[in-house]
Amino acid sequence: MISDEKFQEFCAYLSDIHANLKSDQQGKVASYIPELKKVDPNQFAISVCTVDGRKFSIGDYKSRFCMQSMVKPVLYALALEENGLSHVHKHIGREPSGKNFNELTLNDEGLPHNPMINAGAIMSCSMIKRKSNPADRFNHIMQALYKLADSQKITFNNAVYNSEKETADRNYALGYFMREHQAFPKNTDLHRTLNLYFQACSIELNSEILATIAASFANSGSCAVNKQEVFKPETVKNCLSLMYSCGMYDYSGEWAFSIGLPAKSGVSGGIYVVVPDLMGIAIYSPRLDKHGNSFKAIEVCKRLVERYSIHNYDSI
Ligand code: GLN
């Protein structure tokens, strides 16, 4: 637990970092989903929420953005809770792919490498409430997010959903490729599964809400604010392990080495970082680096670990 004084000091440092990086223009907004490139590229927000529910935000923290790949850990956690570890991993591996997040590739067993890349997240979707109708399946994902976020306002961006669906050739290709390899559980409806994935990527929130979700992960799966359990600690442990090794696309190895914390990024320009038992941090800035991670978000995290001993192995 952090004292109030330490927390204030931490927040002041975040404000300094924000001021320092605010005018940086490096990186490019994602454009392969047309709707994503319509955002103001200069938006920049940092939010933090501790496991005991204290919050701080700076910058454009009310600006909404869609979750994109940041929803993948939640999809994986839902698949795990419903199906159990061994069933889920009959269909998804747990190794970093060493490839782009949407690379048309599967592991030696014909399965997606891990749940943090597109193929793996599509596979997670196939295991979420598979017997229910599409509306109930989508609501189930929304409910989990609401609970993690202490019922803050999480919405759905229909324009992004349509834009995403219209330009989803690669995700369709991944779906057919996996079906060809009989990777899906029996009787999976591929189109419903892909639709659920597109919808999940189009869920919208802001950095303040995302930090609360990250804090609930840091709090072993119980909401950091109201303490209600959403995911079992075991589920969160598995999820964080894969966020640690695979959460930052093709930068995941370097990230684990230099930042040493579980995190997940999305092409909309958000990332969230989980500091177990301490806090969740969310950063939003849409300009991306060559790996597809938010340029400023990576910078913020580098500066945080320079000053604070939050790297997983800092205690050594
Ligand atoms: N919806 C995006 C896609 O499927 C998610 C990718 C991402 O954020 N990396 O391509």
# chains A, B, ... in the order shown; residues from 1 in each chain; ligands from 1

call {"tool": "residues_around", "arguments": {"residues": "Tyr249 in chain A", "least_positions_apart": "4", "cutoff": "10 Å", "atoms": "only C-alpha atoms", "output": "ChimeraX atom specification"}}
result
/A:69,96-102,116-117,243,245,253,255,264-266,291-293

call {"tool": "residues_near_ligand", "arguments": {"ligand": "ligand 1", "cutoff": "10 Å", "atoms": "only C-alpha atoms and all ligand atoms", "output": "compact mmCIF listing (two decimals) with N, CA and C atoms, in the first residue's frame"}}
result
# COMPACT_ATOMS: atom_id res chain seq x y z
N ALA A 30 -2.79 5.15 -36.19
CA ALA A 30 -3.15 3.97 -37.01
C ALA A 30 -4.16 4.37 -38.07
N TYR A 32 -5.11 1.82 -40.69
CA TYR A 32 -5.63 0.67 -41.44
C TYR A 32 -7.09 0.38 -41.12
N ILE A 33 -7.57 0.91 -39.97
CA ILE A 33 -9.01 0.94 -39.73
C ILE A 33 -9.38 2.42 -39.91
N CYS A 66 -11.34 3.66 -28.43
CA CYS A 66 -11.82 2.28 -28.35
C CYS A 66 -10.71 1.35 -27.87
N MET A 67 -11.15 0.24 -27.32
CA MET A 67 -10.19 -0.63 -26.62
C MET A 67 -9.25 -1.35 -27.59
N GLN A 68 -9.76 -1.69 -28.78
CA GLN A 68 -8.94 -2.46 -29.71
C GLN A 68 -8.27 -3.63 -28.97
N SER A 69 -6.98 -3.82 -29.17
CA SER A 69 -6.33 -4.99 -28.56
C SER A 69 -6.33 -4.98 -27.04
N MET A 70 -6.64 -3.84 -26.44
CA MET A 70 -6.63 -3.79 -24.97
C MET A 70 -7.75 -4.63 -24.36
N VAL A 71 -8.70 -5.05 -25.20
CA VAL A 71 -9.77 -5.89 -24.67
C VAL A 71 -9.32 -7.37 -24.59
N LYS A 72 -8.21 -7.68 -25.24
CA LYS A 72 -7.81 -9.10 -25.35
C LYS A 72 -7.60 -9.80 -23.99
N ASN A 100 4.07 -9.89 -35.96
CA ASN A 100 3.08 -8.84 -35.86
C ASN A 100 1.77 -9.36 -35.25
N PHE A 101 0.97 -8.47 -34.65
CA PHE A 101 -0.26 -8.92 -33.98
C PHE A 101 -1.29 -9.55 -34.91
N ASN A 102 -1.20 -9.21 -36.23
CA ASN A 102 -2.21 -9.80 -37.13
C ASN A 102 -1.57 -10.68 -38.21
N MET A 116 -3.02 -12.82 -26.83
CA MET A 116 -2.83 -11.37 -26.90
C MET A 116 -2.66 -10.87 -28.34
N ILE A 117 -2.67 -11.79 -29.29
CA ILE A 117 -2.64 -11.37 -30.70
C ILE A 117 -4.01 -11.68 -31.32
N ASN A 118 -4.25 -11.15 -32.52
CA ASN A 118 -5.61 -11.26 -33.09
C ASN A 118 -6.13 -12.69 -33.13
N ALA A 119 -5.32 -13.61 -33.66
CA ALA A 119 -5.81 -14.99 -33.81
C ALA A 119 -6.23 -15.55 -32.45
N ALA A 121 -7.16 -13.87 -29.77
CA ALA A 121 -8.33 -13.18 -29.22
C ALA A 121 -9.60 -13.64 -29.93
N ILE A 122 -9.49 -13.92 -31.23
CA ILE A 122 -10.65 -14.46 -31.96
C ILE A 122 -11.00 -15.82 -31.35
N VAL A 160 -16.71 2.82 -35.43
CA VAL A 160 -15.47 2.02 -35.42
C VAL A 160 -15.80 0.56 -35.77
N TYR A 161 -16.87 0.06 -35.18
CA TYR A 161 -17.25 -1.33 -35.45
C TYR A 161 -17.47 -1.56 -36.95
N SER A 163 -16.39 0.29 -39.45
CA SER A 163 -15.14 0.54 -40.15
C SER A 163 -14.22 -0.69 -40.04
N GLU A 164 -14.18 -1.21 -38.85
CA GLU A 164 -13.36 -2.39 -38.57
C GLU A 164 -13.84 -3.60 -39.37
N LYS A 165 -15.14 -3.78 -39.39
CA LYS A 165 -15.72 -4.94 -40.07
C LYS A 165 -15.51 -4.85 -41.60
N THR A 167 -13.09 -3.54 -43.11
CA THR A 167 -11.69 -3.62 -43.53
C THR A 167 -10.98 -4.80 -42.84
N ALA A 168 -11.77 -5.83 -42.56
CA ALA A 168 -11.24 -6.91 -41.71
C ALA A 168 -10.74 -8.12 -42.49
N ASP A 169 -10.28 -7.90 -43.72
CA ASP A 169 -9.86 -9.06 -44.52
C ASP A 169 -8.88 -9.95 -43.77
N ARG A 170 -7.93 -9.32 -43.08
CA ARG A 170 -6.92 -10.12 -42.39
C ARG A 170 -7.54 -10.96 -41.27
N ASN A 171 -8.47 -10.36 -40.53
CA ASN A 171 -9.08 -11.13 -39.45
C ASN A 171 -9.96 -12.26 -39.99
N TYR A 172 -10.64 -12.00 -41.12
CA TYR A 172 -11.38 -13.10 -41.76
C TYR A 172 -10.40 -14.19 -42.19
N LEU A 194 -16.24 -13.89 -35.20
CA LEU A 194 -15.52 -12.70 -35.67
C LEU A 194 -16.28 -11.43 -35.33
N TYR A 197 -15.68 -10.49 -31.84
CA TYR A 197 -14.34 -9.90 -31.72
C TYR A 197 -14.34 -8.43 -32.19
N PHE A 198 -14.97 -8.16 -33.35
CA PHE A 198 -15.00 -6.77 -33.85
C PHE A 198 -15.74 -5.87 -32.86
N GLN A 199 -16.83 -6.40 -32.30
CA GLN A 199 -17.59 -5.60 -31.33
C GLN A 199 -16.76 -5.32 -30.09
N ALA A 200 -16.07 -6.33 -29.61
CA ALA A 200 -15.26 -6.15 -28.39
C ALA A 200 -14.18 -5.09 -28.62
N CYS A 201 -13.58 -5.09 -29.81
CA CYS A 201 -12.53 -4.10 -30.12
C CYS A 201 -13.11 -2.69 -30.18
N SER A 202 -14.41 -2.57 -30.43
CA SER A 202 -15.04 -1.26 -30.63
C SER A 202 -15.66 -0.70 -29.34
N GLY A 247 2.15 -8.97 -24.24
CA GLY A 247 1.15 -7.90 -24.28
C GLY A 247 1.48 -6.69 -25.14
N MET A 248 2.71 -6.56 -25.58
CA MET A 248 3.11 -5.32 -26.26
C MET A 248 3.58 -5.60 -27.69
N TYR A 249 2.84 -6.47 -28.36
CA TYR A 249 3.16 -6.82 -29.76
C TYR A 249 4.60 -7.32 -29.86
N LYS A 264 -0.89 -4.09 -21.63
CA LYS A 264 -1.48 -4.36 -22.94
C LYS A 264 -1.73 -3.06 -23.68
N SER A 265 -1.35 -3.08 -24.94
CA SER A 265 -1.56 -1.90 -25.78
C SER A 265 -2.62 -2.18 -26.84
N GLY A 266 -3.09 -1.12 -27.48
CA GLY A 266 -4.04 -1.24 -28.57
C GLY A 266 -3.73 -0.23 -29.65
N VAL A 267 -4.13 -0.49 -30.89
CA VAL A 267 -3.79 0.42 -31.99
C VAL A 267 -4.50 1.77 -31.91
N SER A 268 -5.47 1.90 -31.02
CA SER A 268 -6.10 3.21 -30.84
C SER A 268 -5.17 4.15 -30.09
N GLY A 269 -4.12 3.62 -29.48
CA GLY A 269 -3.13 4.48 -28.82
C GLY A 269 -3.18 4.43 -27.30
N GLY A 270 -3.92 3.48 -26.78
CA GLY A 270 -3.95 3.34 -25.32
C GLY A 270 -3.04 2.22 -24.88
N ILE A 271 -2.58 2.30 -23.64
CA ILE A 271 -2.00 1.12 -23.02
C ILE A 271 -2.37 1.13 -21.53
N HIS A 291 6.16 -0.37 -33.76
CA HIS A 291 5.59 -1.65 -33.32
C HIS A 291 4.07 -1.58 -33.17
N GLY A 292 3.52 -0.36 -33.26
CA GLY A 292 2.07 -0.21 -33.07
C GLY A 292 1.71 0.15 -31.64
N ASN A 293 2.71 0.46 -30.82
CA ASN A 293 2.45 0.90 -29.44
C ASN A 293 2.47 2.43 -29.40

call {"tool": "residues_around", "arguments": {"residues": "Ser258 in chain A", "least_positions_apart": "2", "cutoff": "10 Å", "atoms": "only C-alpha atoms", "output": "list in words"}}
result
Ser252, Gly253, Glu254, Trp255, Ala256, Gly260, Leu261, Cys301, Lys302, Val305, Glu306, His311 and Asn312 of chain A

call {"tool": "select_by_dssp", "arguments": {"residues": "range 91-309 of chain A", "states": "alpha helix (DSSP H)", "output": "number ranges by chain"}}
result
A: 91, 118-126, 134-148, 158-166, 169-180, 190-201, 207-218, 233-246, 252-258, 295-307

call {"tool": "closest_residue", "arguments": {"among": "A:Thr155, A:Ser124, A:Gln8, A:Asn238", "to": "Thr188 in chain A", "atoms": "only C-alpha atoms"}}
result
A:Ser124

call {"tool": "select_by_dssp", "arguments": {"residues": "range 66-232 of chain A", "states": "strand (DSSP E)", "output": "list of chain:residue names"}}
result
A:Cys66, A:Thr155, A:Phe156, A:Ile203, A:Glu204, A:Leu205

call {"tool": "residues_around", "arguments": {"residues": "Ile310 in chain A", "least_positions_apart": "6", "cutoff": "10 Å", "atoms": "only C-alpha atoms", "output": "PyMOL selection string"}}
result
chain A and resi 259-261+275-276+278+304

call {"tool": "write_last_selection", "arguments": {"atoms": "all heavy atoms", "output": "PDB file, in the first residue's frame"}}
result
ATOM      1  N   ILE A 259      10.868  -2.706 -18.794  1.00  0.00           N
ATOM      2  CA  ILE A 259       9.815  -2.154 -17.923  1.00  0.00           C
ATOM      3  C   ILE A 259       9.431  -3.195 -16.861  1.00  0.00           C
ATOM      4  O   ILE A 259       9.185  -2.865 -15.707  1.00  0.00           O
ATOM      5  CB  ILE A 259       8.565  -1.720 -18.730  1.00  0.00           C
ATOM      6  CG1 ILE A 259       8.974  -0.805 -19.904  1.00  0.00           C
ATOM      7  CG2 ILE A 259       7.524  -1.061 -17.833  1.00  0.00           C
ATOM      8  CD1 ILE A 259       9.505   0.563 -19.553  1.00  0.00           C
ATOM      9  N   GLY A 260       9.366  -4.451 -17.266  1.00  0.00           N
ATOM     10  CA  GLY A 260       9.169  -5.532 -16.290  1.00  0.00           C
ATOM     11  C   GLY A 260       7.800  -5.555 -15.630  1.00  0.00           C
ATOM     12  O   GLY A 260       7.683  -5.910 -14.452  1.00  0.00           O
ATOM     13  N   LEU A 261       6.757  -5.209 -16.381  1.00  0.00           N
ATOM     14  CA  LEU A 261       5.397  -5.224 -15.819  1.00  0.00           C
ATOM     15  C   LEU A 261       4.401  -5.745 -16.857  1.00  0.00           C
ATOM     16  O   LEU A 261       4.599  -5.520 -18.055  1.00  0.00           O
ATOM     17  CB  LEU A 261       4.964  -3.796 -15.444  1.00  0.00           C
ATOM     18  CG  LEU A 261       5.646  -3.177 -14.225  1.00  0.00           C
ATOM     19  CD1 LEU A 261       5.360  -1.683 -14.172  1.00  0.00           C
ATOM     20  CD2 LEU A 261       5.190  -3.856 -12.934  1.00  0.00           C
ATOM     21  N   VAL A 275       0.524  -2.869 -11.994  1.00  0.00           N
ATOM     22  CA  VAL A 275       1.571  -3.027 -10.984  1.00  0.00           C
ATOM     23  C   VAL A 275       0.919  -3.840  -9.864  1.00  0.00           C
ATOM     24  O   VAL A 275       0.156  -3.288  -9.059  1.00  0.00           O
ATOM     25  CB  VAL A 275       2.070  -1.665 -10.438  1.00  0.00           C
ATOM     26  CG1 VAL A 275       3.331  -1.862  -9.598  1.00  0.00           C
ATOM     27  CG2 VAL A 275       2.316  -0.665 -11.564  1.00  0.00           C
ATOM     28  N   PRO A 276       1.163  -5.176  -9.837  1.00  0.00           N
ATOM     29  CA  PRO A 276       0.403  -6.036  -8.934  1.00  0.00           C
ATOM     30  C   PRO A 276       0.442  -5.551  -7.483  1.00  0.00           C
ATOM     31  O   PRO A 276       1.481  -5.109  -6.983  1.00  0.00           O
ATOM     32  CB  PRO A 276       1.096  -7.403  -9.084  1.00  0.00           C
ATOM     33  CG  PRO A 276       1.635  -7.367 -10.482  1.00  0.00           C
ATOM     34  CD  PRO A 276       2.099  -5.947 -10.675  1.00  0.00           C
ATOM     35  N   LEU A 278      -0.495  -2.944  -6.247  1.00  0.00           N
ATOM     36  CA  LEU A 278      -0.224  -1.521  -6.042  1.00  0.00           C
ATOM     37  C   LEU A 278      -1.176  -0.610  -6.834  1.00  0.00           C
ATOM     38  O   LEU A 278      -1.914   0.170  -6.262  1.00  0.00           O
ATOM     39  CB  LEU A 278       1.234  -1.229  -6.428  1.00  0.00           C
ATOM     40  CG  LEU A 278       1.913  -0.101  -5.679  1.00  0.00           C
ATOM     41  CD1 LEU A 278       1.989  -0.433  -4.199  1.00  0.00           C
ATOM     42  CD2 LEU A 278       3.336   0.094  -6.235  1.00  0.00           C
ATOM     43  N   LEU A 304       8.894   6.255 -15.750  1.00  0.00           N
ATOM     44  CA  LEU A 304       8.427   5.777 -14.440  1.00  0.00           C
ATOM     45  C   LEU A 304       9.389   4.770 -13.823  1.00  0.00           C
ATOM     46  O   LEU A 304       9.693   4.843 -12.633  1.00  0.00           O
ATOM     47  CB  LEU A 304       7.043   5.138 -14.586  1.00  0.00           C
ATOM     48  CG  LEU A 304       5.861   6.100 -14.600  1.00  0.00           C
ATOM     49  CD1 LEU A 304       4.561   5.343 -14.810  1.00  0.00           C
ATOM     50  CD2 LEU A 304       5.794   6.903 -13.303  1.00  0.00           C
TER      51      LEU A 304
END

call {"tool": "closest_residue", "arguments": {"among": "A:Tyr313, A:Phe44, A:Phe138, A:Tyr244", "to": "Ala297 in chain A", "atoms": "only C-alpha atoms"}}
result
A:Phe44

call {"tool": "closest_residue", "arguments": {"among": "A:Pro73, A:Pro34, A:Pro286, A:Gly280", "to": "Thr50 in chain A", "atoms": "only C-alpha atoms"}}
result
A:Gly280

call {"tool": "atom_distance", "arguments": {"atom1": "CA of Val39 in chain A", "atom2": "CA of Tyr284 in chain A"}}
result
11.8 Å

call {"tool": "residues_around", "arguments": {"residues": "Asp108 in chain A", "least_positions_apart": "3", "cutoff": "12 Å", "atoms": "only C-alpha atoms", "output": "PyMOL selection string"}}
result
chain A and resi 92-93+95+97+105+111-113+181+183

call {"tool": "write_last_selection", "arguments": {"atoms": "N, CA and C atoms", "output": "tab-separated table (two decimals), in the first residue's frame"}}
result
chain	number	residue	atom	x	y	z
A	92	ILE	N	-5.46	-22.46	-27.72
A	92	ILE	CA	-4.56	-21.29	-27.82
A	92	ILE	C	-3.24	-21.62	-27.12
A	93	GLY	N	-2.14	-21.25	-27.76
A	93	GLY	CA	-0.84	-21.45	-27.11
A	93	GLY	C	-0.55	-20.36	-26.10
A	95	GLU	N	2.92	-18.91	-26.01
A	95	GLU	CA	4.26	-18.42	-26.34
A	95	GLU	C	4.14	-17.12	-27.12
A	97	SER	N	4.65	-14.76	-30.17
A	97	SER	CA	4.74	-15.21	-31.57
A	97	SER	C	5.99	-14.68	-32.24
A	105	THR	N	-0.28	-16.45	-39.19
A	105	THR	CA	0.59	-17.55	-38.77
A	105	THR	C	-0.01	-18.26	-37.55
A	111	LEU	N	-2.33	-23.81	-33.84
A	111	LEU	CA	-3.13	-22.96	-32.93
A	111	LEU	C	-2.54	-21.56	-32.90
A	112	PRO	N	-3.35	-20.57	-32.51
A	112	PRO	CA	-2.79	-19.23	-32.32
A	112	PRO	C	-1.70	-19.27	-31.24
A	113	HIS	N	-0.66	-18.47	-31.41
A	113	HIS	CA	0.46	-18.51	-30.46
A	113	HIS	C	0.07	-18.16	-29.04
A	181	HIS	N	-7.33	-25.38	-40.05
A	181	HIS	CA	-6.50	-26.21	-39.17
A	181	HIS	C	-7.29	-26.87	-38.03
A	183	ALA	N	-8.71	-25.60	-35.57
A	183	ALA	CA	-8.24	-25.06	-34.29
A	183	ALA	C	-9.40	-24.71	-33.35
